[in-house]
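Just query.tsv here, TSV, C-alpha atoms:
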```tsv
chain	number	residue	atom	x	y	z
A	1	HIS	CA	-85.47	64.32	249.84
A	2	GLN	CA	-83.43	67.15	248.48
A	3	SER	CA	-84.41	70.40	246.81
A	4	HIS	CA	-81.37	72.58	246.27
A	5	ILE	CA	-82.07	75.93	244.69
A	6	PRO	CA	-78.69	77.05	243.32
A	7	LEU	CA	-78.11	80.41	244.97
A	8	LYS	CA	-74.87	81.27	246.67
A	9	LEU	CA	-72.56	80.27	249.58
A	10	VAL	CA	-73.59	77.07	251.58
A	11	VAL	CA	-72.30	73.58	252.44
A	12	THR	CA	-74.73	70.77	253.18
A	13	VAL	CA	-73.76	67.36	254.49
A	14	SER	CA	-75.90	64.30	255.10
A	15	SER	CA	-74.89	61.62	257.53
A	16	CYS	CA	-76.30	58.56	259.17
A	17	ALA	CA	-73.22	57.90	261.25
A	18	PHE	CA	-74.02	60.39	264.01
A	19	SER	CA	-77.17	60.85	266.03
A	20	GLY	CA	-79.74	59.33	263.72
A	21	ASP	CA	-80.05	60.37	260.08
A	22	VAL	CA	-78.45	63.78	259.75
A	23	GLY	CA	-79.58	64.21	256.16
A	24	HIS	CA	-78.09	67.23	254.41
A	25	VAL	CA	-75.25	69.24	255.83
A	26	GLN	CA	-74.52	72.69	254.52
A	27	ILE	CA	-71.11	74.34	255.01
A	28	THR	CA	-70.92	78.06	254.41
A	29	GLY	CA	-67.36	79.07	253.62
A	30	GLY	CA	-66.79	75.45	252.61
A	31	ALA	CA	-64.18	76.36	249.99
A	32	GLY	CA	-62.06	78.16	252.57
A	33	PHE	CA	-59.09	76.89	254.57
A	34	VAL	CA	-60.98	75.22	257.43
A	35	GLY	CA	-64.21	74.68	255.47
A	36	SER	CA	-62.52	72.62	252.75
A	37	HIS	CA	-60.90	70.30	255.31
A	38	LEU	CA	-64.30	69.92	257.00
A	39	THR	CA	-65.78	69.14	253.56
A	40	ASP	CA	-63.12	66.45	253.04
A	41	LYS	CA	-63.90	64.81	256.38
A	42	LEU	CA	-67.68	64.84	255.90
A	43	MET	CA	-67.39	63.54	252.32
A	44	MET	CA	-65.00	60.78	253.37
A	45	ASP	CA	-67.41	59.83	256.16
A	46	GLY	CA	-70.02	59.29	253.45
A	47	HIS	CA	-72.21	62.34	254.03
A	48	GLU	CA	-73.97	64.47	251.49
A	49	VAL	CA	-72.31	67.87	251.51
A	50	THR	CA	-73.30	71.17	249.98
A	51	VAL	CA	-70.64	73.84	250.05
A	52	VAL	CA	-71.79	77.43	249.89
A	53	ASP	CA	-69.06	79.95	249.12
A	54	ASN	CA	-68.72	83.30	247.35
A	55	PHE	CA	-64.96	82.85	246.85
A	56	PHE	CA	-64.10	86.18	248.51
A	57	THR	CA	-61.32	84.37	250.37
A	58	GLY	CA	-62.25	80.76	249.56
A	59	ARG	CA	-60.85	79.02	246.47
A	60	LYS	CA	-62.46	76.56	244.11
A	61	ARG	CA	-59.17	74.64	244.05
A	62	ASN	CA	-59.70	73.66	247.70
A	63	VAL	CA	-62.76	71.55	246.87
A	64	GLU	CA	-62.47	70.85	243.14
A	65	HIS	CA	-61.48	67.22	243.80
A	66	TRP	CA	-65.09	66.56	244.92
A	67	ILE	CA	-66.79	68.18	241.91
A	68	GLY	CA	-68.74	65.49	240.07
A	69	HIS	CA	-69.16	63.29	243.15
A	70	GLU	CA	-72.84	62.41	243.60
A	71	ASN	CA	-72.83	63.44	247.30
A	72	PHE	CA	-71.24	66.83	246.66
A	73	GLU	CA	-72.72	70.13	245.59
A	74	LEU	CA	-70.97	73.49	245.26
A	75	ILE	CA	-73.09	76.64	245.28
A	76	ASN	CA	-71.59	80.02	244.47
A	77	HIS	CA	-73.56	82.20	246.85
A	78	ASP	CA	-72.96	85.07	249.26
A	79	VAL	CA	-74.62	84.47	252.64
A	80	VAL	CA	-75.47	88.19	252.85
A	81	GLU	CA	-78.30	87.17	250.48
A	82	PRO	CA	-80.85	84.70	251.88
A	83	LEU	CA	-80.53	81.06	250.86
A	84	TYR	CA	-83.44	78.66	250.42
A	85	ILE	CA	-82.29	75.05	250.65
A	86	GLU	CA	-83.35	71.97	252.63
A	87	VAL	CA	-80.70	71.08	255.20
A	88	ASP	CA	-80.36	69.30	258.54
A	89	GLN	CA	-77.08	70.76	259.76
A	90	ILE	CA	-75.39	74.06	258.94
A	91	TYR	CA	-71.71	74.67	259.64
A	92	HIS	CA	-71.56	78.45	259.36
A	93	LEU	CA	-67.90	79.22	258.62
A	94	ALA	CA	-68.39	82.03	256.07
A	95	SER	CA	-66.25	85.06	256.98
A	96	PRO	CA	-62.87	86.49	256.10
A	97	ALA	CA	-60.72	85.31	258.99
A	98	SER	CA	-57.22	86.75	258.64
A	99	PRO	CA	-56.38	90.37	259.48
A	100	PRO	CA	-55.34	91.47	255.95
A	101	ASN	CA	-58.60	90.04	254.57
A	102	TYR	CA	-60.96	91.53	257.12
A	103	MET	CA	-59.13	94.85	257.44
A	104	TYR	CA	-59.11	95.21	253.64
A	105	ASN	CA	-62.91	95.19	253.61
A	106	PRO	CA	-64.28	95.84	257.10
A	107	ILE	CA	-67.82	96.56	255.89
A	108	LYS	CA	-68.01	93.28	253.97
A	109	THR	CA	-66.68	91.48	257.07
A	110	LEU	CA	-69.38	93.08	259.24
A	111	LYS	CA	-72.14	92.28	256.74
A	112	THR	CA	-71.03	88.65	256.44
A	113	ASN	CA	-70.89	88.16	260.21
A	114	THR	CA	-74.16	89.97	260.97
A	115	ILE	CA	-76.57	89.75	258.00
A	116	GLY	CA	-74.96	86.48	256.87
A	117	THR	CA	-75.42	84.93	260.31
A	118	LEU	CA	-79.02	86.21	260.55
A	119	ASN	CA	-79.75	84.65	257.14
A	120	MET	CA	-78.29	81.28	258.17
A	121	LEU	CA	-80.16	81.34	261.49
A	122	GLY	CA	-83.33	82.19	259.57
A	123	LEU	CA	-82.65	79.19	257.31
A	124	ALA	CA	-82.06	76.96	260.35
A	125	LYS	CA	-85.34	78.16	261.85
A	126	ARG	CA	-87.34	77.55	258.64
A	127	VAL	CA	-86.06	74.03	258.00
A	128	GLY	CA	-85.45	72.91	261.60
A	129	ALA	CA	-81.68	72.57	261.12
A	130	ARG	CA	-78.99	72.73	263.77
A	131	LEU	CA	-76.44	75.52	263.22
A	132	LEU	CA	-72.83	75.57	264.34
A	133	LEU	CA	-71.24	79.03	264.37
A	134	ALA	CA	-67.51	79.19	263.78
A	135	SER	CA	-66.72	81.91	266.30
A	136	THR	CA	-63.22	82.92	267.35
A	137	SER	CA	-60.82	83.49	270.21
A	138	GLU	CA	-60.93	87.12	269.03
A	139	VAL	CA	-64.16	87.48	271.04
A	140	TYR	CA	-61.79	87.63	274.03
A	141	GLY	CA	-59.89	90.56	272.47
A	142	ASP	CA	-56.57	91.31	274.17
A	143	PRO	CA	-57.30	89.20	277.24
A	144	GLU	CA	-56.52	90.27	280.79
A	145	VAL	CA	-57.21	86.71	281.96
A	146	HIS	CA	-54.88	83.86	281.09
A	147	PRO	CA	-55.66	81.23	279.85
A	148	GLN	CA	-59.10	82.16	278.47
A	149	SER	CA	-62.06	80.03	279.49
A	150	GLU	CA	-65.54	80.24	277.97
A	151	ASP	CA	-66.93	82.31	280.84
A	152	TYR	CA	-64.45	85.17	280.26
A	153	TRP	CA	-66.29	88.13	278.70
A	154	GLY	CA	-63.31	89.56	276.87
A	155	HIS	CA	-61.42	92.84	276.52
A	156	VAL	CA	-62.18	94.23	273.08
A	157	ASN	CA	-61.64	97.62	271.47
A	158	PRO	CA	-64.92	98.24	269.60
A	159	ILE	CA	-63.37	100.80	267.24
A	160	GLY	CA	-59.90	99.28	266.66
A	161	PRO	CA	-58.62	97.94	263.33
A	162	ARG	CA	-59.75	94.38	264.18
A	163	ALA	CA	-63.16	95.44	265.55
A	164	CYS	CA	-65.10	94.55	262.39
A	165	TYR	CA	-64.12	90.91	262.95
A	166	ASP	CA	-64.05	90.78	266.78
A	167	GLU	CA	-67.36	92.58	267.26
A	168	GLY	CA	-68.89	90.90	264.21
A	169	LYS	CA	-68.26	87.49	265.77
A	170	ARG	CA	-69.38	88.66	269.23
A	171	VAL	CA	-72.76	89.81	267.88
A	172	ALA	CA	-73.00	86.63	265.75
A	173	GLU	CA	-72.86	84.68	269.04
A	174	THR	CA	-75.52	87.00	270.50
A	175	MET	CA	-77.73	86.25	267.49
A	176	CYS	CA	-77.33	82.48	267.91
A	177	TYR	CA	-78.58	82.61	271.49
A	178	ALA	CA	-81.41	85.02	270.59
A	179	TYR	CA	-82.63	82.52	267.96
A	180	MET	CA	-82.21	79.66	270.41
A	181	LYS	CA	-84.18	81.42	273.14
A	182	GLN	CA	-86.88	83.00	270.98
A	183	GLU	CA	-87.29	80.49	268.16
A	184	GLY	CA	-85.96	77.24	269.64
A	185	VAL	CA	-83.19	76.90	267.03
A	186	GLU	CA	-80.50	74.37	268.03
A	187	VAL	CA	-77.14	76.18	268.05
A	188	ARG	CA	-73.52	75.25	268.68
A	189	VAL	CA	-70.78	77.85	269.12
A	190	ALA	CA	-67.09	77.00	268.58
A	191	ARG	CA	-64.56	79.61	269.68
A	192	ILE	CA	-61.69	78.76	267.40
A	193	PHE	CA	-58.11	79.63	268.35
A	194	ASN	CA	-55.14	79.97	265.96
A	195	THR	CA	-55.19	77.18	263.38
A	196	PHE	CA	-52.77	76.32	260.59
A	197	GLY	CA	-52.20	73.73	257.89
A	198	PRO	CA	-52.40	73.14	254.15
A	199	ARG	CA	-54.71	75.51	252.19
A	200	MET	CA	-54.18	78.39	254.56
A	201	HIS	CA	-53.59	81.58	252.60
A	202	MET	CA	-49.89	82.12	252.08
A	203	ASN	CA	-50.17	85.88	252.33
A	204	ASP	CA	-52.71	86.05	255.15
A	205	GLY	CA	-50.31	87.97	257.37
A	206	ARG	CA	-50.44	85.36	260.13
A	207	VAL	CA	-47.37	84.38	262.05
A	208	VAL	CA	-47.00	80.82	260.74
A	209	SER	CA	-47.63	81.64	257.07
A	210	ASN	CA	-45.37	84.70	257.18
A	211	PHE	CA	-42.50	82.73	258.68
A	212	ILE	CA	-42.84	79.72	256.34
A	213	LEU	CA	-43.05	81.96	253.28
A	214	GLN	CA	-40.10	84.10	254.36
A	215	ALA	CA	-37.99	81.04	255.21
A	216	LEU	CA	-38.76	79.33	251.88
A	217	GLN	CA	-37.92	82.48	249.94
A	218	GLY	CA	-34.73	83.15	251.89
A	219	GLU	CA	-36.05	86.46	253.23
A	220	PRO	CA	-35.61	87.68	256.83
A	221	LEU	CA	-38.25	86.36	259.26
A	222	THR	CA	-40.03	89.46	260.55
A	223	VAL	CA	-40.90	89.49	264.25
A	224	TYR	CA	-43.08	92.37	265.50
A	225	GLY	CA	-42.07	93.70	268.91
A	226	SER	CA	-39.72	91.63	271.06
A	227	GLY	CA	-41.08	88.26	269.93
A	228	SER	CA	-42.04	87.41	273.50
A	229	GLN	CA	-45.78	87.46	272.63
A	230	THR	CA	-47.16	83.94	272.88
A	231	ARG	CA	-49.35	82.04	270.44
A	232	ALA	CA	-50.79	78.54	270.55
A	233	PHE	CA	-51.49	76.87	267.20
A	234	GLN	CA	-53.63	73.84	266.47
A	235	TYR	CA	-53.37	71.78	263.30
A	236	VAL	CA	-56.42	71.97	261.05
A	237	SER	CA	-57.36	68.25	261.29
A	238	ASP	CA	-57.63	68.57	265.08
A	239	LEU	CA	-59.97	71.55	264.70
A	240	VAL	CA	-62.17	69.75	262.14
A	241	ASN	CA	-62.57	66.78	264.50
A	242	GLY	CA	-63.54	69.22	267.25
A	243	LEU	CA	-66.15	70.95	265.07
A	244	VAL	CA	-67.79	67.64	264.12
A	245	ALA	CA	-67.74	66.46	267.76
A	246	LEU	CA	-69.33	69.74	268.89
A	247	MET	CA	-72.02	69.72	266.17
A	248	ASN	CA	-73.06	66.20	267.15
A	249	SER	CA	-72.94	66.82	270.90
A	250	ASN	CA	-75.61	68.23	273.19
A	251	VAL	CA	-73.48	71.23	274.24
A	252	SER	CA	-75.24	74.44	273.25
A	253	SER	CA	-73.00	76.89	275.14
A	254	PRO	CA	-69.71	78.19	273.61
A	255	VAL	CA	-66.73	75.81	273.51
A	256	ASN	CA	-63.07	76.74	273.00
A	257	LEU	CA	-61.29	74.70	270.33
A	258	GLY	CA	-57.56	75.32	270.32
A	259	ASN	CA	-54.18	74.05	271.38
A	260	PRO	CA	-53.08	75.09	274.88
A	261	GLU	CA	-49.40	74.44	274.07
A	262	GLU	CA	-47.97	77.96	274.08
A	263	HIS	CA	-44.89	79.17	272.23
A	264	THR	CA	-43.38	82.61	271.82
A	265	ILE	CA	-43.39	84.16	268.35
A	266	LEU	CA	-39.58	83.97	268.46
A	267	GLU	CA	-39.72	80.20	269.13
A	268	PHE	CA	-41.99	79.78	266.10
A	269	ALA	CA	-39.54	81.76	263.96
A	270	GLN	CA	-36.57	79.61	265.02
A	271	LEU	CA	-38.47	76.31	264.69
A	272	ILE	CA	-39.79	77.11	261.19
A	273	LYS	CA	-36.37	78.38	260.08
A	274	ASN	CA	-34.85	75.05	261.17
A	275	LEU	CA	-37.58	72.85	259.66
A	276	VAL	CA	-37.28	74.64	256.31
A	277	GLY	CA	-33.47	74.51	256.52
A	278	SER	CA	-33.33	78.19	255.71
A	279	GLY	CA	-30.43	80.60	256.08
A	280	SER	CA	-32.83	83.51	256.75
A	281	GLU	CA	-32.05	85.86	259.60
A	282	ILE	CA	-34.63	87.07	262.14
A	283	GLN	CA	-35.53	90.74	261.90
A	284	PHE	CA	-37.30	92.69	264.66
A	285	LEU	CA	-39.86	95.34	263.69
A	286	SER	CA	-42.07	97.65	265.76
A	287	GLU	CA	-45.22	96.25	267.39
A	288	ALA	CA	-48.55	96.00	265.55
A	289	GLN	CA	-51.61	97.87	266.92
A	290	ASP	CA	-54.00	95.84	269.12
A	291	ASP	CA	-51.78	92.76	268.74
A	292	PRO	CA	-52.66	90.49	271.69
A	293	GLN	CA	-49.67	89.74	273.93
A	294	LYS	CA	-50.97	86.39	275.08
A	295	ARG	CA	-53.53	84.02	273.71
A	296	LYS	CA	-54.02	80.56	275.12
A	297	PRO	CA	-57.21	78.49	275.27
A	298	ASP	CA	-58.52	76.79	278.36
A	299	ILE	CA	-59.90	73.60	276.74
A	300	ARG	CA	-61.08	71.78	279.88
A	301	LYS	CA	-64.70	72.08	278.70
A	302	ALA	CA	-63.99	70.48	275.30
A	303	LYS	CA	-61.98	67.70	276.98
A	304	MET	CA	-64.71	66.97	279.47
A	305	MET	CA	-67.85	67.41	277.35
A	306	LEU	CA	-66.60	66.40	273.87
A	307	ALA	CA	-63.70	64.10	274.85
A	308	TRP	CA	-61.70	66.26	272.41
A	309	GLU	CA	-58.16	67.58	272.52
A	310	PRO	CA	-55.51	68.33	269.87
A	311	VAL	CA	-53.29	65.34	269.05
A	312	VAL	CA	-51.13	66.45	266.09
A	313	PRO	CA	-47.63	67.45	267.29
A	314	LEU	CA	-46.55	70.99	266.28
A	315	GLU	CA	-43.55	69.85	264.21
A	316	GLU	CA	-45.61	67.31	262.26
A	317	GLY	CA	-48.22	69.95	261.44
A	318	LEU	CA	-45.58	72.51	260.49
A	319	ASN	CA	-43.89	70.02	258.15
A	320	LYS	CA	-47.22	69.44	256.36
A	321	ALA	CA	-47.82	73.18	256.07
A	322	ILE	CA	-44.27	73.75	254.77
A	323	HIS	CA	-44.76	70.99	252.18
A	324	TYR	CA	-48.00	72.65	251.03
A	325	PHE	CA	-46.37	76.08	250.78
A	326	ARG	CA	-43.48	74.69	248.72
A	327	LYS	CA	-45.95	73.08	246.29
A	328	GLU	CA	-48.02	76.27	246.21
A	329	LEU	CA	-44.99	78.41	245.35
A	330	GLU	CA	-44.10	75.97	242.54
A	331	TYR	CA	-47.69	76.06	241.29
A	332	GLN	CA	-47.66	79.85	241.23
A	333	ALA	CA	-44.32	79.95	239.44
A	334	ASN	CA	-45.56	77.50	236.77
A	335	ASN	CA	-48.93	79.15	236.28
A	336	GLN	CA	-47.91	82.78	236.17
A	337	TYR	CA	-49.00	84.84	233.22
A	338	ILE	CA	-46.03	87.01	232.36
A	339	PRO	CA	-47.13	89.73	229.97
A	340	LYS	CA	-44.80	90.27	227.03
A	341	PRO	CA	-43.61	93.87	226.67
A	342	LYS	CA	-45.55	95.66	223.97
A	343	PRO	CA	-43.48	97.09	221.14
A	344	ALA	CA	-43.23	100.87	221.35
A	345	ARG	CA	-45.65	102.70	219.11
A	346	ILE	CA	-43.96	104.59	216.33
A	347	LYS	CA	-44.95	108.23	216.34
A	348	LYS	CA	-42.93	109.62	213.43
A	349	GLY	CA	-45.55	111.50	211.41
A	350	ARG	CA	-46.50	108.35	209.43
A	351	THR	CA	-50.03	107.68	208.44
A	352	ARG	CA	-51.25	104.46	210.04
A	353	HIS	CA	-53.24	102.03	207.96
A	354	ASN	CA	-55.59	99.81	209.99
```

Would you put the structure from the file into structure tokens?
Amino acid sequence: HQSHIPLKLVVTVSSCAFSGDVGHVQITGGAGFVGSHLTDKLMMDGHEVTVVDNFFTGRKRNVEHWIGHENFELINHDVVEPLYIEVDQIYHLASPASPPNYMYNPIKTLKTNTIGTLNMLGLAKRVGARLLLASTSEVYGDPEVHPQSEDYWGHVNPIGPRACYDEGKRVAETMCYAYMKQEGVEVRVARIFNTFGPRMHMNDGRVVSNFILQALQGEPLTVYGSGSQTRAFQYVSDLVNGLVALMNSNVSSPVNLGNPEEHTILEFAQLIKNLVGSGSEIQFLSEAQDDPQKRKPDIRKAKMMLAWEPVVPLEEGLNKAIHYFRKELEYQANNQYIPKPKPARIKKGRTRHN
């Protein structure tokens, strides 16, 4: 029933709970922030899961608690190289997803989102699997329409600092529908809005992680611009439930998954400061380039067609994220290698005997 050739980055999951026998599920990027929570859910639901990750931004620690479980397989593989594996469902999450990560290596980001997506669609075509693409609200760019519904085409700078990610995901969507139309591949496209929770990268440069980290370390909370820009954050467990609902639905067109409850950046700063109990002050810095002023999902489609909406209250989610960050800072402090200073080499004309 299963022939896994150990190559690189994929997650497979098998399930009988959904529409018939799902068999193997593969999750690319399954050791990442969202991917590892998806892995947890699918494993706990009794599926067979193969995680494919190259650990560019994913971490083995996020999934190590499943290593050794008979339903779990971890493959160190980069999706830019083809993967040959028997699967029934592919959750294609592989891609750096936070600005510092994708701006650090724009070419790698483009390759992952283009060649990586083509490889996974090719796999889906060969084995008759259904593929869910983890797309992004970034396909809408800096929107001129508010809130953003799935039929909005977007307002994207194709040569800006975020273009490698925005345009990479836009063409990944194009590829999905080309494979659907030309090859009959079953595709699902989730446009994911801001998400947070445990296992997010502490230094990913995102608003929530920046503020939590700064508050915990007693540093000023840095707000770019006036702080009146709005963001809407969903907790990771809500997103994972949405992804599974979408994969097992009959909706092949793109679906927004996000939390429509909007807050200003300044509100986030004050809320996190209070939840942490931090004495940090709030510091205003100049605006970042191509930083969207407003971002809010229209989730009517997900509500109607998937019966999905976020349910975790913001404060509850923030408290869980803060708890994780505290533990993570302790872990780092306890596991730091601090090099001992080397004694100075003595140069006084002595002969050295080795």

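One distance worth recording is that between atom CA of Val187 of chain A and atom CA of His47 of chain A, which is 20.3 Å.
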
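Each of A:Asn76, A:Asn71, A:Ser228, A:Gln234 was compared to Asn256 of chain A using only C-alpha atoms, and A:Gln234 turns out to be the nearest.
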
> What is the atom CA of His37 of chain A-atom CA of Thr195 of chain A distance in Å, reported with one decimal?
Replying inline: 12.0 Å

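For the set A:Pro220, A:Pro99, A:Pro158, A:Gly205, the residue with the smallest atom-to-atom gap to Gln283 of chain A is A:Pro220, counting only C-alpha atoms.
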
>> Give me the residues near Val34 of chain A as a ChimeraX atom specification, where near means some atom within 8 Å (using all atoms listed in the file) and where sequence neighbours in that chain fewer than 3 positions away do not count.
In response: /A:30,37-38,236,240

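Of the listed residues A:Pro198, A:Gly128, A:Gly258, A:Gly122, the one whose atoms come nearest to Gly23 of chain A is A:Gly128, with distances taken using all atoms listed in the file.
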
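Proximity to Arg130 of chain A was assessed for A:Asp40, A:Gly154, A:His201, A:Asn250 counting only C-alpha atoms; the smallest distance is recorded for A:Asn250.
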
> Distance atom CA of Ile159 of chain A-atom CA of Tyr140 of chain A, one decimal place?
Replying inline: 14.9 Å

> Please, which residues are within 7 Å of (-47.3, 81.1, 250.2) by the file's coordinates, counting all atoms listed in the file, and could they come as a count of residues only?
Replying inline: 8

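The protein and nucleic acid residues lying at most 7 Å from Ser137 of chain A are Arg191, Ile192 and Phe193 of chain A, with all atoms listed in the file considered and sequence neighbours fewer than 6 positions away removed.
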
Please dump the current selection as a compact mmCIF listing (two decimals), in the frame of the given file; keep C-alpha atoms.
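Output file out.txt follows:
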```txt
# COMPACT_ATOMS: atom_id res chain seq x y z
CA ARG A 191 -64.56 79.61 269.68
CA ILE A 192 -61.69 78.76 267.40
CA PHE A 193 -58.11 79.63 268.35
```

List every residue of segment 96-155 of chain A that has an atom at most 10 Å from any atom of segment 78-87 of chain A, and for each one report the closest atom pair and its distance in Å to one decimal, counting all atoms listed in the file, with rows sorted by chain and then by increasing residue number, as a tab-separated table.
```
residue	atom	partner	partner_atom	distance
A:Lys108	CA	A:Val80	CA	9.1
A:Lys111	CA	A:Val80	CA	6.6
A:Thr112	CA	A:Val80	CA	5.7
A:Asn113	CA	A:Val80	CA	8.7
A:Thr114	CA	A:Val80	CA	8.4
A:Ile115	CA	A:Val80	CA	5.5
A:Gly116	CA	A:Val80	CA	4.4
A:Thr117	CA	A:Val79	CA	7.7
A:Leu118	CA	A:Val80	CA	8.7
A:Asn119	CA	A:Pro82	CA	5.4
A:Met120	CA	A:Val79	CA	7.4
A:Gly122	CA	A:Pro82	CA	8.5
A:Leu123	CA	A:Tyr84	CA	7.0
A:Ala124	CA	A:Val87	CA	7.9
A:Arg126	CA	A:Glu86	CA	9.1
A:Val127	CA	A:Glu86	CA	6.4
A:Gly128	CA	A:Val87	CA	8.2
A:Ala129	CA	A:Val87	CA	6.2
A:Arg130	CA	A:Val87	CA	8.9
```

Output file for the selection above: C-alpha atoms, as a PDB file, in the coordinates of the input:
```pdb
ATOM      1  CA  LYS A 108     -68.010  93.280 253.970  1.00  0.00           C
ATOM      2  CA  LYS A 111     -72.140  92.280 256.740  1.00  0.00           C
ATOM      3  CA  THR A 112     -71.030  88.650 256.440  1.00  0.00           C
ATOM      4  CA  ASN A 113     -70.890  88.160 260.210  1.00  0.00           C
ATOM      5  CA  THR A 114     -74.160  89.970 260.970  1.00  0.00           C
ATOM      6  CA  ILE A 115     -76.570  89.750 258.000  1.00  0.00           C
ATOM      7  CA  GLY A 116     -74.960  86.480 256.870  1.00  0.00           C
ATOM      8  CA  THR A 117     -75.420  84.930 260.310  1.00  0.00           C
ATOM      9  CA  LEU A 118     -79.020  86.210 260.550  1.00  0.00           C
ATOM     10  CA  ASN A 119     -79.750  84.650 257.140  1.00  0.00           C
ATOM     11  CA  MET A 120     -78.290  81.280 258.170  1.00  0.00           C
ATOM     12  CA  GLY A 122     -83.330  82.190 259.570  1.00  0.00           C
ATOM     13  CA  LEU A 123     -82.650  79.190 257.310  1.00  0.00           C
ATOM     14  CA  ALA A 124     -82.060  76.960 260.350  1.00  0.00           C
ATOM     15  CA  ARG A 126     -87.340  77.550 258.640  1.00  0.00           C
ATOM     16  CA  VAL A 127     -86.060  74.030 258.000  1.00  0.00           C
ATOM     17  CA  GLY A 128     -85.450  72.910 261.600  1.00  0.00           C
ATOM     18  CA  ALA A 129     -81.680  72.570 261.120  1.00  0.00           C
ATOM     19  CA  ARG A 130     -78.990  72.730 263.770  1.00  0.00           C
TER      20      ARG A 130
END
```

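Across A:Gln270, A:Thr222, A:Asn259, A:Ser249, the tightest approach to Ala288 of chain A is made by A:Thr222 when counting all atoms listed in the file.
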
Listing only residues of segment 106-142 of chain A within 12 Å of segment 292-305 of chain A, what is the closest atom pair and its distance in Å (to one decimal) for each, using all atoms listed in the file, sorted by chain and residue number ascending, as CSV?
```
residue,atom,partner,partner_atom,distance
A:Thr136,CA,A:Pro297,CA,10.9
A:Ser137,CA,A:Pro297,CA,8.0
A:Glu138,CA,A:Arg295,CA,9.3
A:Val139,CA,A:Arg295,CA,11.5
A:Tyr140,CA,A:Arg295,CA,9.0
A:Gly141,CA,A:Pro292,CA,7.3
A:Asp142,CA,A:Pro292,CA,4.7
```

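Neighbouring residues of Met247 of chain A at 9 Å or closer, counting all atoms listed in the file and skipping chain neighbours under 2 positions away, are A:Gln89, A:Tyr91, A:Arg130, A:Leu131, A:Leu132, A:Val187, A:Arg188, A:Val189, A:Gly242, A:Leu243, A:Val244, A:Ala245, A:Ser249, A:Asn250, A:Val251.
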
> Neighbours of Gly317 of chain A within 12 Å (only C-alpha atoms; same-chain residues fewer than 3 positions away dropped), as a PyMOL selection string?
Replying inline: chain A and resi 195-198+208+233-238+272+275+310-314+320-324

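Using all atoms listed in the file, the smallest distance between any of A:Asn54, A:Asn105, A:Thr174, A:Gln26 and Glu73 of chain A comes from A:Gln26.
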
Dig up all the protein and nucleic acid residues within 12 Å of (-65.0, 86.5, 257.7) in the file frame, using all atoms listed in the file, and format them as a compact mmCIF listing (two decimals) with C-alpha atoms, in the coordinates of the input.
```txt
# COMPACT_ATOMS: atom_id res chain seq x y z
CA THR A 28 -70.92 78.06 254.41
CA GLY A 29 -67.36 79.07 253.62
CA GLY A 32 -62.06 78.16 252.57
CA PHE A 33 -59.09 76.89 254.57
CA VAL A 34 -60.98 75.22 257.43
CA ASP A 53 -69.06 79.95 249.12
CA ASN A 54 -68.72 83.30 247.35
CA PHE A 55 -64.96 82.85 246.85
CA PHE A 56 -64.10 86.18 248.51
CA THR A 57 -61.32 84.37 250.37
CA GLY A 58 -62.25 80.76 249.56
CA ASP A 78 -72.96 85.07 249.26
CA VAL A 79 -74.62 84.47 252.64
CA VAL A 80 -75.47 88.19 252.85
CA HIS A 92 -71.56 78.45 259.36
CA LEU A 93 -67.90 79.22 258.62
CA ALA A 94 -68.39 82.03 256.07
CA SER A 95 -66.25 85.06 256.98
CA PRO A 96 -62.87 86.49 256.10
CA ALA A 97 -60.72 85.31 258.99
CA SER A 98 -57.22 86.75 258.64
CA PRO A 99 -56.38 90.37 259.48
CA PRO A 100 -55.34 91.47 255.95
CA ASN A 101 -58.60 90.04 254.57
CA TYR A 102 -60.96 91.53 257.12
CA MET A 103 -59.13 94.85 257.44
CA TYR A 104 -59.11 95.21 253.64
CA ASN A 105 -62.91 95.19 253.61
CA PRO A 106 -64.28 95.84 257.10
CA ILE A 107 -67.82 96.56 255.89
CA LYS A 108 -68.01 93.28 253.97
CA THR A 109 -66.68 91.48 257.07
CA LEU A 110 -69.38 93.08 259.24
CA LYS A 111 -72.14 92.28 256.74
CA THR A 112 -71.03 88.65 256.44
CA ASN A 113 -70.89 88.16 260.21
CA THR A 114 -74.16 89.97 260.97
CA GLY A 116 -74.96 86.48 256.87
CA THR A 117 -75.42 84.93 260.31
CA LEU A 133 -71.24 79.03 264.37
CA ALA A 134 -67.51 79.19 263.78
CA SER A 135 -66.72 81.91 266.30
CA THR A 136 -63.22 82.92 267.35
CA ARG A 162 -59.75 94.38 264.18
CA CYS A 164 -65.10 94.55 262.39
CA TYR A 165 -64.12 90.91 262.95
CA ASP A 166 -64.05 90.78 266.78
CA GLU A 167 -67.36 92.58 267.26
CA GLY A 168 -68.89 90.90 264.21
CA LYS A 169 -68.26 87.49 265.77
CA ALA A 172 -73.00 86.63 265.75
```

Atom completion result for segment 193-197 of chain A (N, CA and C atoms) as a PDB file, in the frame of the given file:
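Written output follows (rebuild28.pdb):
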```pdb
ATOM      1  N   PHE A 193     -59.401  78.959 268.137  1.00  0.00           N
ATOM      2  CA  PHE A 193     -58.110  79.630 268.350  1.00  0.00           C
ATOM      3  C   PHE A 193     -57.224  79.408 267.123  1.00  0.00           C
ATOM      4  N   ASN A 194     -56.040  80.026 267.120  1.00  0.00           N
ATOM      5  CA  ASN A 194     -55.140  79.970 265.960  1.00  0.00           C
ATOM      6  C   ASN A 194     -55.020  78.558 265.392  1.00  0.00           C
ATOM      7  N   THR A 195     -55.206  78.463 264.087  1.00  0.00           N
ATOM      8  CA  THR A 195     -55.190  77.180 263.380  1.00  0.00           C
ATOM      9  C   THR A 195     -54.313  77.318 262.147  1.00  0.00           C
ATOM     10  N   PHE A 196     -53.617  76.257 261.787  1.00  0.00           N
ATOM     11  CA  PHE A 196     -52.770  76.320 260.590  1.00  0.00           C
ATOM     12  C   PHE A 196     -52.798  74.980 259.879  1.00  0.00           C
ATOM     13  N   GLY A 197     -52.260  74.967 258.663  1.00  0.00           N
ATOM     14  CA  GLY A 197     -52.200  73.730 257.890  1.00  0.00           C
ATOM     15  C   GLY A 197     -52.282  74.024 256.410  1.00  0.00           C
TER      16      GLY A 197
END
```
